[in-house]
Structures are given as structure tokens and as C-alpha cells.
$ cat start.tsv   # TSV, C-alpha atoms and all ligand atoms
chain	number	residue	atom	x	y	z
A	1	LEU	CA	-25.52	1.35	-10.11
A	2	GLU	CA	-24.14	3.74	-12.69
A	3	MET	CA	-20.75	3.47	-11.06
A	4	GLU	CA	-21.02	-0.30	-11.02
A	5	SER	CA	-21.61	-0.56	-14.79
A	6	GLY	CA	-19.10	2.20	-15.58
A	7	LEU	CA	-16.50	0.33	-13.62
A	8	ARG	CA	-17.07	-2.73	-15.80
A	9	ASP	CA	-15.77	-0.82	-18.81
A	10	ALA	CA	-13.26	1.42	-17.06
A	11	GLU	CA	-10.35	-0.97	-17.41
A	12	ARG	CA	-11.08	-1.74	-21.08
A	13	ARG	CA	-11.32	1.97	-21.87
A	14	GLY	CA	-8.02	2.67	-20.13
A	15	GLU	CA	-9.64	4.86	-17.46
A	16	LEU	CA	-7.85	3.24	-14.52
A	17	GLU	CA	-4.47	4.63	-13.49
A	18	LEU	CA	-1.95	4.09	-10.75
A	19	GLY	CA	-0.46	6.94	-8.75
A	20	TYR	CA	2.84	6.21	-7.01
A	21	GLN	CA	3.88	7.68	-3.67
A	22	PRO	CA	7.48	7.37	-2.42
A	23	GLN	CA	8.43	5.73	0.87
A	24	VAL	CA	11.55	7.20	2.46
A	25	ASP	CA	14.03	5.69	4.92
A	26	ILE	CA	13.96	8.23	7.75
A	27	ALA	CA	17.58	7.79	8.90
A	28	SER	CA	19.22	8.03	5.47
A	29	GLY	CA	16.61	10.00	3.52
A	30	ALA	CA	16.81	7.44	0.71
A	31	VAL	CA	13.73	6.41	-1.22
A	32	VAL	CA	13.27	2.73	-0.36
A	33	GLY	CA	9.90	1.91	-1.89
A	34	VAL	CA	6.79	3.15	-3.62
A	35	GLU	CA	3.08	2.60	-2.93
A	36	ALA	CA	0.76	2.14	-5.91
A	37	LEU	CA	-2.65	3.80	-5.47
A	38	VAL	CA	-5.35	3.21	-8.04
A	39	ARG	CA	-7.62	5.95	-9.33
A	40	TRP	CA	-10.34	6.12	-11.96
A	41	ARG	CA	-10.18	8.93	-14.50
A	42	HIS	CA	-13.86	9.15	-15.32
A	43	PRO	CA	-14.71	10.92	-18.62
A	44	ARG	CA	-17.44	13.01	-16.97
A	45	HIS	CA	-16.83	12.90	-13.21
A	46	GLY	CA	-13.06	13.44	-13.28
A	47	LEU	CA	-10.69	11.66	-10.94
A	48	ILE	CA	-12.49	9.23	-8.61
A	49	SER	CA	-10.73	8.09	-5.41
A	50	PRO	CA	-10.39	4.38	-4.67
A	51	ALA	CA	-12.11	5.11	-1.35
A	52	ASN	CA	-15.24	5.65	-3.49
A	53	PHE	CA	-15.02	2.95	-6.14
A	54	ILE	CA	-13.11	0.07	-4.48
A	55	PRO	CA	-16.08	-0.69	-2.18
A	56	VAL	CA	-18.33	-0.76	-5.28
A	57	ALA	CA	-15.87	-3.07	-7.03
A	58	GLU	CA	-15.87	-5.33	-3.97
A	59	GLU	CA	-19.65	-5.47	-3.64
A	60	SER	CA	-20.23	-6.05	-7.37
A	61	GLY	CA	-17.70	-8.85	-7.67
A	62	GLN	CA	-15.25	-6.87	-9.81
A	63	ILE	CA	-12.40	-6.53	-7.37
A	64	ALA	CA	-10.54	-9.64	-8.55
A	65	ARG	CA	-10.41	-8.33	-12.12
A	66	ILE	CA	-9.52	-4.75	-11.13
A	67	GLY	CA	-7.04	-5.99	-8.54
A	68	ASP	CA	-5.40	-8.14	-11.18
A	69	TRP	CA	-5.08	-5.12	-13.48
A	70	VAL	CA	-3.48	-3.17	-10.60
A	71	LEU	CA	-0.95	-5.96	-9.98
A	72	ALA	CA	-0.04	-6.25	-13.66
A	73	GLU	CA	0.26	-2.47	-14.09
A	74	ALA	CA	2.43	-2.16	-10.96
A	75	CYS	CA	4.75	-4.84	-12.39
A	76	ARG	CA	4.86	-3.12	-15.78
A	77	GLN	CA	5.79	0.20	-14.15
A	78	CYS	CA	8.35	-1.42	-11.85
A	79	ALA	CA	10.08	-2.93	-14.89
A	80	ALA	CA	9.85	0.41	-16.74
A	81	TRP	CA	11.74	2.08	-13.85
A	82	ARG	CA	14.75	-0.18	-14.41
A	83	GLU	CA	16.86	2.54	-16.02
A	84	THR	CA	15.78	5.28	-13.58
A	85	ALA	CA	16.54	6.45	-10.02
A	86	LEU	CA	13.75	4.12	-8.86
A	87	ALA	CA	15.42	0.97	-10.19
A	88	GLY	CA	15.08	-2.08	-7.97
A	89	LEU	CA	12.68	-0.50	-5.47
A	90	PRO	CA	9.72	-2.59	-4.32
A	91	VAL	CA	6.22	-1.45	-5.25
A	92	ALA	CA	3.60	-1.87	-2.52
A	93	VAL	CA	0.16	-2.86	-3.84
A	94	ASN	CA	-3.04	-2.76	-1.76
A	95	LEU	CA	-5.08	-5.95	-1.64
A	96	SER	CA	-8.75	-6.30	-0.70
A	97	ALA	CA	-10.06	-9.06	1.51
A	98	ALA	CA	-11.98	-10.48	-1.45
A	99	GLN	CA	-8.74	-10.92	-3.41
A	100	LEU	CA	-7.15	-12.79	-0.54
A	101	GLY	CA	-10.05	-15.21	-0.45
A	102	ARG	CA	-9.11	-16.48	-3.90
A	103	SER	CA	-6.91	-19.52	-4.19
A	104	ASP	CA	-5.41	-18.34	-7.51
A	105	LEU	CA	-4.03	-15.04	-6.17
A	106	ALA	CA	-0.43	-16.12	-5.55
A	107	GLU	CA	-0.28	-17.88	-8.91
A	108	GLY	CA	-1.59	-14.75	-10.67
A	109	ILE	CA	0.95	-12.51	-8.95
A	110	LEU	CA	3.85	-14.81	-9.82
A	111	ARG	CA	2.68	-14.87	-13.43
A	112	HIS	CA	2.80	-11.04	-13.64
A	113	LEU	CA	6.23	-10.91	-12.00
A	114	GLU	CA	7.55	-13.47	-14.44
A	115	ALA	CA	6.05	-11.70	-17.45
A	116	TYR	CA	8.09	-8.60	-16.58
A	117	GLY	CA	11.20	-10.47	-15.46
A	118	LEU	CA	10.87	-9.30	-11.86
A	119	PRO	CA	11.92	-11.07	-8.65
A	120	SER	CA	9.31	-11.65	-5.92
A	121	SER	CA	10.99	-8.87	-3.90
A	122	ALA	CA	9.67	-6.37	-6.49
A	123	LEU	CA	6.21	-6.41	-4.90
A	124	GLN	CA	5.03	-5.85	-1.36
A	125	LEU	CA	1.42	-6.59	-0.50
A	126	GLU	CA	-0.47	-4.22	1.80
A	127	MET	CA	-3.53	-5.49	3.57
A	128	THR	CA	-5.55	-4.00	6.39
A	129	GLU	CA	-5.56	-5.44	9.84
A	130	GLY	CA	-9.29	-6.15	9.73
A	131	LEU	CA	-8.53	-8.83	7.20
A	132	PHE	CA	-6.74	-10.86	9.84
A	133	PHE	CA	-9.67	-10.39	12.18
A	134	HIS	CA	-11.94	-12.19	9.74
A	135	GLU	CA	-9.18	-14.61	8.88
A	136	THR	CA	-10.84	-17.56	7.16
A	137	GLU	CA	-9.29	-20.77	5.91
A	138	PRO	CA	-9.04	-19.63	2.25
A	139	VAL	CA	-7.38	-16.37	3.38
A	140	ARG	CA	-4.99	-18.27	5.60
A	141	SER	CA	-3.85	-20.57	2.82
A	142	THR	CA	-3.54	-17.70	0.33
A	143	LEU	CA	-1.35	-15.76	2.78
A	144	GLN	CA	0.80	-18.82	3.28
A	145	SER	CA	1.33	-19.37	-0.42
A	146	LEU	CA	2.17	-15.66	-0.90
A	147	GLN	CA	4.77	-15.95	1.84
A	148	ARG	CA	6.23	-19.14	0.45
A	149	SER	CA	6.57	-17.35	-2.87
A	150	GLY	CA	8.78	-14.74	-1.21
A	151	LEU	CA	6.31	-11.85	-1.27
A	152	GLN	CA	6.52	-9.43	1.66
A	153	LEU	CA	3.30	-8.73	3.55
A	154	VAL	CA	2.62	-5.32	5.06
A	155	VAL	CA	-0.16	-4.57	7.57
A	156	ASP	CA	-1.84	-1.34	6.42
A	157	ASP	CA	-3.74	1.14	8.64
A	158	PHE	CA	-2.12	-0.53	11.64
A	159	GLY	CA	-3.79	0.31	14.93
A	160	THR	CA	-7.28	0.84	13.51
A	161	GLY	CA	-8.44	-2.76	13.23
A	162	TYR	CA	-9.31	-3.80	16.81
A	163	SER	CA	-7.61	-7.08	15.99
A	164	ASN	CA	-6.33	-9.83	18.13
A	165	LEU	CA	-2.64	-9.21	17.48
A	166	GLY	CA	-1.97	-12.94	17.55
A	167	TYR	CA	-1.93	-12.89	13.75
A	168	LEU	CA	1.48	-11.22	14.00
A	169	LYS	CA	2.80	-14.51	15.39
A	170	ARG	CA	1.11	-16.69	12.79
A	171	PHE	CA	2.09	-14.71	9.72
A	172	PRO	CA	5.61	-13.44	9.22
A	173	VAL	CA	4.56	-10.00	8.09
A	174	ALA	CA	7.54	-7.82	7.18
A	175	LYS	CA	6.28	-4.36	8.01
A	176	LEU	CA	3.60	-2.45	9.91
A	177	LYS	CA	2.19	0.78	8.51
A	178	ILE	CA	0.98	3.22	11.17
A	179	ASP	CA	-2.32	4.72	10.10
A	180	GLU	CA	-2.28	8.40	9.18
A	181	SER	CA	-4.92	9.12	11.84
A	182	PHE	CA	-2.19	8.59	14.50
A	183	VAL	CA	0.33	10.75	12.63
A	184	ARG	CA	-1.91	13.76	12.03
A	185	GLY	CA	-1.71	15.17	15.59
A	186	LEU	CA	2.04	14.67	16.05
A	187	PRO	CA	3.94	16.02	17.89
A	188	GLU	CA	1.40	17.98	20.02
A	189	ASP	CA	-1.52	15.59	20.49
A	190	THR	CA	-0.84	13.47	23.59
A	191	GLU	CA	-2.85	10.48	22.39
A	192	ASP	CA	-1.20	10.40	18.97
A	193	VAL	CA	2.20	10.66	20.69
A	194	VAL	CA	1.44	7.70	22.95
A	195	ILE	CA	-0.16	5.56	20.24
A	196	SER	CA	2.44	6.10	17.53
A	197	SER	CA	5.45	5.71	19.84
A	198	THR	CA	3.89	2.53	21.29
A	199	LEU	CA	3.25	1.10	17.82
A	200	ILE	CA	6.87	1.81	16.80
A	201	ARG	CA	8.19	0.10	19.93
A	202	MET	CA	5.88	-2.85	19.44
A	203	ALA	CA	6.93	-3.29	15.80
A	204	HIS	CA	10.58	-3.26	16.77
A	205	GLY	CA	9.96	-5.64	19.68
A	206	LEU	CA	8.54	-8.05	17.11
A	207	ARG	CA	11.51	-7.37	14.79
A	208	LEU	CA	9.28	-5.79	12.16
A	209	ARG	CA	9.96	-2.67	10.13
A	210	VAL	CA	7.55	0.18	10.69
A	211	ILE	CA	6.42	2.93	8.34
A	212	ALA	CA	4.28	5.98	9.12
A	213	GLU	CA	1.84	7.24	6.48
A	214	GLY	CA	0.28	10.66	6.07
A	215	VAL	CA	3.46	12.53	7.04
A	216	GLU	CA	2.90	16.14	6.03
A	217	THR	CA	5.25	18.24	8.19
A	218	ALA	CA	8.91	18.44	9.26
A	219	GLU	CA	7.72	18.33	12.90
A	220	GLN	CA	5.91	15.03	12.37
A	221	LEU	CA	8.98	13.62	10.65
A	222	ALA	CA	11.29	14.81	13.47
A	223	PHE	CA	9.06	13.07	16.04
A	224	LEU	CA	9.09	9.84	14.05
A	225	ARG	CA	12.88	10.03	13.65
A	226	GLU	CA	13.37	10.57	17.40
A	227	HIS	CA	11.22	7.54	18.11
A	228	GLY	CA	13.11	5.32	15.68
A	229	CYS	CA	10.40	4.87	13.04
A	230	ASP	CA	12.07	3.28	10.00
A	231	GLU	CA	10.20	4.78	7.06
A	232	ALA	CA	7.79	7.57	6.23
A	233	GLN	CA	5.34	8.31	3.43
A	234	GLY	CA	3.21	11.37	2.82
A	235	PHE	CA	2.73	14.76	1.23
A	236	TYR	CA	5.84	16.06	3.05
A	237	PHE	CA	7.85	14.08	0.48
A	238	SER	CA	5.42	13.85	-2.42
A	239	ARG	CA	1.79	13.25	-3.22
A	240	PRO	CA	1.11	10.22	-5.43
A	241	LEU	CA	2.49	10.87	-8.95
A	242	ALA	CA	2.35	9.22	-12.36
A	243	GLY	CA	5.20	6.72	-12.86
A	244	ALA	CA	7.32	8.93	-15.12
A	245	ASP	CA	6.83	11.96	-12.86
A	246	LEU	CA	7.96	10.03	-9.79
A	247	ALA	CA	11.11	8.88	-11.61
A	248	ARG	CA	11.90	12.55	-12.40
A	249	TRP	CA	11.20	13.49	-8.77
A	250	ALA	CA	13.61	10.80	-7.56
A	251	GLN	CA	16.25	11.87	-10.09
A	252	ARG	CA	16.13	15.49	-8.85
A	253	ARG	CA	16.49	14.46	-5.19
A	301	LIG	O1	-5.31	7.45	-2.68
A	301	LIG	P1	-6.44	7.46	-1.67
A	301	LIG	O2	-6.20	8.15	-0.37
A	301	LIG	O3	-7.67	8.06	-2.29
A	301	LIG	O4	-6.77	5.90	-1.35
A	301	LIG	C1	-7.86	5.59	-0.54
A	301	LIG	C2	-7.81	4.14	-0.12
A	301	LIG	O5	-7.89	3.27	-1.24
A	301	LIG	C3	-6.55	3.76	0.63
A	301	LIG	O6	-6.93	3.26	1.88
A	301	LIG	C4	-5.93	2.67	-0.18
A	301	LIG	O7	-5.46	1.64	0.65
A	301	LIG	C5	-7.05	2.18	-1.07
A	301	LIG	N1	-6.50	1.72	-2.33
A	301	LIG	C6	-5.73	2.41	-3.18
A	301	LIG	N2	-5.38	1.67	-4.24
A	301	LIG	C7	-5.94	0.45	-4.06
A	301	LIG	C8	-5.94	-0.77	-4.81
A	301	LIG	O8	-5.32	-0.90	-5.86
A	301	LIG	N3	-6.65	-1.80	-4.29
A	301	LIG	C9	-7.33	-1.71	-3.13
A	301	LIG	N4	-8.00	-2.78	-2.71
A	301	LIG	N5	-7.34	-0.59	-2.38
A	301	LIG	C10	-6.66	0.48	-2.84
A	302	LIG	O1	-3.59	2.49	1.46
A	302	LIG	P1	-3.71	3.68	2.29
A	302	LIG	O2	-4.92	3.85	3.13
A	302	LIG	O3	-2.53	3.79	3.20
A	302	LIG	O4	-3.58	4.93	1.30
A	302	LIG	C1	-2.98	6.09	1.67
A	302	LIG	C2	-3.90	7.24	1.27
A	302	LIG	O5	-3.54	8.43	1.94
A	302	LIG	C3	-3.81	7.52	-0.19
A	302	LIG	O6	-5.07	7.71	-0.68
A	302	LIG	C4	-3.04	8.83	-0.30
A	302	LIG	O7	-3.45	9.63	-1.38
A	302	LIG	C5	-3.36	9.49	1.01
A	302	LIG	N1	-2.24	10.26	1.49
A	302	LIG	C6	-0.97	10.04	1.18
A	302	LIG	N2	-0.15	10.91	1.81
A	302	LIG	C7	-0.96	11.69	2.54
A	302	LIG	C8	-0.70	12.76	3.43
A	302	LIG	O8	0.43	13.16	3.68
A	302	LIG	N3	-1.78	13.32	4.03
A	302	LIG	C9	-3.05	12.88	3.81
A	302	LIG	N4	-4.03	13.51	4.44
A	302	LIG	N5	-3.32	11.86	2.98
A	302	LIG	C10	-2.30	11.27	2.36
A	303	MN	MN	-1.93	1.27	1.66
A	304	NA	NA	-3.49	3.28	5.12
$ encode --input "start.tsv" --output "C-alpha cells" --more "lines below"
Ligand code: G
Ligand code: G
Ligand code: MN
Ligand code: NA
Amino acid sequence: LEMESGLRDAERRGELELGYQPQVDIASGAVVGVEALVRWRHPRHGLISPANFIPVAEESGQIARIGDWVLAEACRQCAAWRETALAGLPVAVNLSAAQLGRSDLAEGILRHLEAYGLPSSALQLEMTEGLFFHETEPVRSTLQSLQRSGLQLVVDDFGTGYSNLGYLKRFPVAKLKIDESFVRGLPEDTEDVVISSTLIRMAHGLRLRVIAEGVETAEQLAFLREHGCDEAQGFYFSRPLAGADLARWAQRR
């Protein structure tokens, strides 16, 4: 309850921040995108992970407002990177199911893009597979209007959702993100080897790009390269950084 009321003021007090983690093209080594990850810098409790406060925001009806702040802030930062090594790279923003149930989502996103003079290719929208499992009519029509607006959809935590994969036919998603739980045991763990290589092949069979998250070691990266995975993200490259720090990181590379 304390978190719930604190969260109401967090945005106004400037306690929310975005960390940005680079996404690297495995074949060329080029940075090809950035994921925005929200965190809450609490005056007394320090840095709070979204894993802890996003569920509270969802349950207390605050996710639309916080999600809108995240989208606006990601656009502001994307525009601020114009003169840096990160110029023109898409920023991937995570969306909650509750945001996708709102009919004004696409309109709101387009408004933020326009305010910062950005094309629709400046944002990618990450959503978990479970969302498609509970696919309702409002979600369906929101996804369609996002697509029509030219926004790329990415399926996050792919392989963890027990979904009927038929949604991949109905929605032209652009990219699948292999969950870090299948990357962790690479290249030794037999199950992770089978699951991740199968997910890569499936993505390519469907003509989708595929990214692996949670990449921490050169051995994991080598496995992913051998199996043709397109992109990688994880501590091996960089942990999530403040916008200006990530621009310096990219400049040094
Ligand atoms: O950065 P960290 O590992 O603590 O993130 C934990 C989870 O929080 C991740 O699964 C991520 O998808 C989610 N998350 C991060 N930022 C956002 C956000 O802006 N909105 C939503 N809905 N989820 C987010
Ligand atoms: O949205 P998603 O669940 O994909 O968020 C990714 C989460 O994983 C973020 O909270 C991020 O901080 C975390 N993360 C990013 N890279 C790594 C990594 O290499 N290893 C681990 N264990 N976690 C990571
Ligand atoms: Mn994500
Ligand atoms: Na994920």
C-alpha cells in the first residue's frame, strides 16, 4: 500500500528513470537498437526494479499513466541522441497488457513521436507472449492500429508463454526475443541448446528477426552466432545505462 501511494507521486517528483541497454547485431557487431527499462529511484529504498513496482502499478490502475511517461521519456531520449553514435536507432519500450487494452494507446504513442519529430520506426514495442494468449478484442484492435501506424512489435520472453503460436500468423510481429532463461545454460545445457536453436530456426522460418537477451559470456554469444541468431542483448555488451552514458559507451566502441 505504501508502494502504491508512493508510486502515485513518483513521476511528479522525478523519481522514475529509464535505463538503456544496447542491442547488437551479432554478425557485424554494430549496435542496432536500445531497450528502455524503467526503474524507480526511491528516496529511502534506493533503486527499485520494475519487476517489483510494475505489478503494483498494474493492479492499482497506474500503469497507463506510468507507461505513458515511459513512452514520452523514451522519445525525448531518442531525439536527444540525434547528434551521437546512437542516432537513428530504434528504442524498444515494454508494454503491459493493461496498456494494450486501451483504445487510445496508438494515438498517444503517435503524439509523443510527433512532439519529438520522430518517425514511427523510432520505437519498437515489446510485449510478452502471454498477452496474445489472453488476446481480447480491445487488445486485438489496439495491436492492429499500432501496426497500421508503422510501429514494430516484438514478442518478449519468447518461449515462456505456453501460447498458441497462431498469433504469429495473425499479427505481423517483426522480432522474437528469446527469454534469458534459455540463454543462461548455453552452450553446455542440452535443453537450452535445443530450445534456443529451435526458437532461432522457427523465427527464421517465419521470416522474423530474432534477438537473445541475457547474454553474459563470449561462449553464449559464439553459440548464438553459430546458430544464426540475429541480435544479442545482455551484460556481455553492457548493463542498462543512463542515456548520456550509453551514448559515450557507443562512441568509444
Ligand atoms: O530491468 P529489470 O530486469 O529489473 O526489468 C524487469 C522486468 O520489468 C522486465 O521483464 C521488463 O520487461 C519489465 N519492464 C522494464 N521496463 C518496463 C516498462 O517500462 N514497462 C513495463 N510494463 N515493463 C517494464
Ligand atoms: O523486458 P525484459 O524482461 O526482457 O528485461 C530484461 C531484464 O533483464 C532487464 O531487467 C535487465 O536489467 C536484465 N538483464 C539484462 N541483461 C542481462 C544479463 O545479461 N543477465 C541477466 N541476468 N539479466 C539481464
Ligand atoms: Mn523487454
Ligand atoms: Na524479457
$ residues_near_ligand --input "start.tsv" --ligand "ligand NA 304 (chain A)" --cutoff "8 Å" --atoms "only C-alpha atoms and all ligand atoms" --output "PyMOL selection string"
chain A and resi 128+156-158+177-180+213
$ axis_aligned_box --input "start.tsv" --around "ligand LIG 302 (chain A)" --padding-each-side "3 Å" --output "AutoDock Vina command-line options"
--center_x -2.3 --center_y 8.0 --center_z 1.5 --size_x 11.5 --size_y 17.0 --size_z 11.8
$ closest_atom_pairs --input "start.tsv" --of "chain A" --to "ligand MN 303 (chain A)" --cutoff "12 Å" --atoms "all atoms listed in the file" --output "CSV"
residue,atom,partner,partner_atom,distance
A:Gly19,CA,A:MN303,MN,11.9
A:Tyr20,CA,A:MN303,MN,11.1
A:Gln21,CA,A:MN303,MN,10.2
A:Pro22,CA,A:MN303,MN,11.9
A:Gln23,CA,A:MN303,MN,11.3
A:Val34,CA,A:MN303,MN,10.4
A:Glu35,CA,A:MN303,MN,6.9
A:Ala36,CA,A:MN303,MN,8.1
A:Leu37,CA,A:MN303,MN,7.6
A:Val38,CA,A:MN303,MN,10.5
A:Pro50,CA,A:MN303,MN,11.0
A:Ala51,CA,A:MN303,MN,11.3
A:Val91,CA,A:MN303,MN,11.0
A:Ala92,CA,A:MN303,MN,7.6
A:Val93,CA,A:MN303,MN,7.2
A:Asn94,CA,A:MN303,MN,5.4
A:Leu95,CA,A:MN303,MN,8.5
A:Ser96,CA,A:MN303,MN,10.5
A:Gln124,CA,A:MN303,MN,10.4
A:Leu125,CA,A:MN303,MN,8.8
A:Glu126,CA,A:MN303,MN,5.7
A:Met127,CA,A:MN303,MN,7.2
A:Thr128,CA,A:MN303,MN,8.0
A:Glu129,CA,A:MN303,MN,11.2
A:Leu153,CA,A:MN303,MN,11.4
A:Val154,CA,A:MN303,MN,8.7
A:Val155,CA,A:MN303,MN,8.5
A:Asp156,CA,A:MN303,MN,5.4
A:Asp157,CA,A:MN303,MN,7.2
A:Phe158,CA,A:MN303,MN,10.1
A:Lys175,CA,A:MN303,MN,11.8
A:Leu176,CA,A:MN303,MN,10.6
A:Lys177,CA,A:MN303,MN,8.0
A:Ile178,CA,A:MN303,MN,10.1
A:Asp179,CA,A:MN303,MN,9.1
A:Glu180,CA,A:MN303,MN,10.4
A:Ile211,CA,A:MN303,MN,10.8
A:Ala212,CA,A:MN303,MN,10.8
A:Glu213,CA,A:MN303,MN,8.5
A:Gly214,CA,A:MN303,MN,10.6
A:Gln233,CA,A:MN303,MN,10.3
A:Gly234,CA,A:MN303,MN,11.4
A:Pro240,CA,A:MN303,MN,11.8
$ atom_distance --input "start.tsv" --atom1 "CA of Leu86 in chain A" --atom2 "CA of Val70 in chain A"
18.8 Å
$ closest_residue --input "start.tsv" --among "A:Ala174, A:Thr160, A:Ala97, A:Ser60" --to "Thr136 in chain A" --atoms "all atoms listed in the file"
A:Ala97
$ closest_residue --input "start.tsv" --among "A:Leu246, A:Ala87, A:Ile48, A:Ala79" --to "ligand LIG 302 (chain A)" --atoms "only C-alpha atoms and all ligand atoms"
A:Ile48
$ atom_distance --input "start.tsv" --atom1 "CA of Ile54 in chain A" --atom2 "CA of Ala98 in chain A"
11.0 Å
$ closest_atom_pairs --input "start.tsv" --of "range 209-250 of chain A" --to "range 190-203 of chain A" --cutoff "7 Å" --atoms "all atoms listed in the file" --output "Markdown table"
| residue | atom | partner | partner_atom | distance |
| --- | --- | --- | --- | --- |
| A:Arg209 | CA | A:Ala203 | CA | 6.5 |
| A:Val210 | CA | A:Ala203 | CA | 6.2 |
| A:His227 | CA | A:Ser197 | CA | 6.3 |
| A:Cys229 | CA | A:Ile200 | CA | 6.0 |
$ atom_distance --input "start.tsv" --atom1 "CA of Pro55 in chain A" --atom2 "CA of Gly6 in chain A"
14.0 Å
$ residues_around --input "start.tsv" --residues "Tyr162 in chain A" --least-positions-apart "3" --cutoff "9 Å" --atoms "all atoms listed in the file" --output "list in words"
Glu129, Gly130, Phe133, Gly159 and Leu165 of chain A
$ closest_residue --input "start.tsv" --among "A:Ser238, A:Ser120, A:Ser141, A:Gln251" --to "ligand LIG 302 (chain A)" --atoms "only C-alpha atoms and all ligand atoms"
A:Ser238
$ residues_near_point --input "start.tsv" --point "(-2.6, -16.8, 2.1)" --cutoff "9 Å" --atoms "only C-alpha atoms" --output "PyMOL selection string"
chain A and resi 100-103+105-106+137-147
$ closest_residue --input "start.tsv" --among "A:Arg13, A:Phe235, A:Gly166, A:Glu219" --to "ligand LIG 301 (chain A)" --atoms "all atoms listed in the file"
A:Phe235
$ closest_residue --input "start.tsv" --among "A:Arg39, A:Arg76, A:Arg148, A:His112" --to "ligand LIG 302 (chain A)" --atoms "all atoms listed in the file"
A:Arg39
$ residues_around --input "start.tsv" --residues "Ala247 in chain A" --least-positions-apart "5" --cutoff "8 Å" --atoms "all atoms listed in the file" --output "number ranges by chain"
A: 81, 84-86
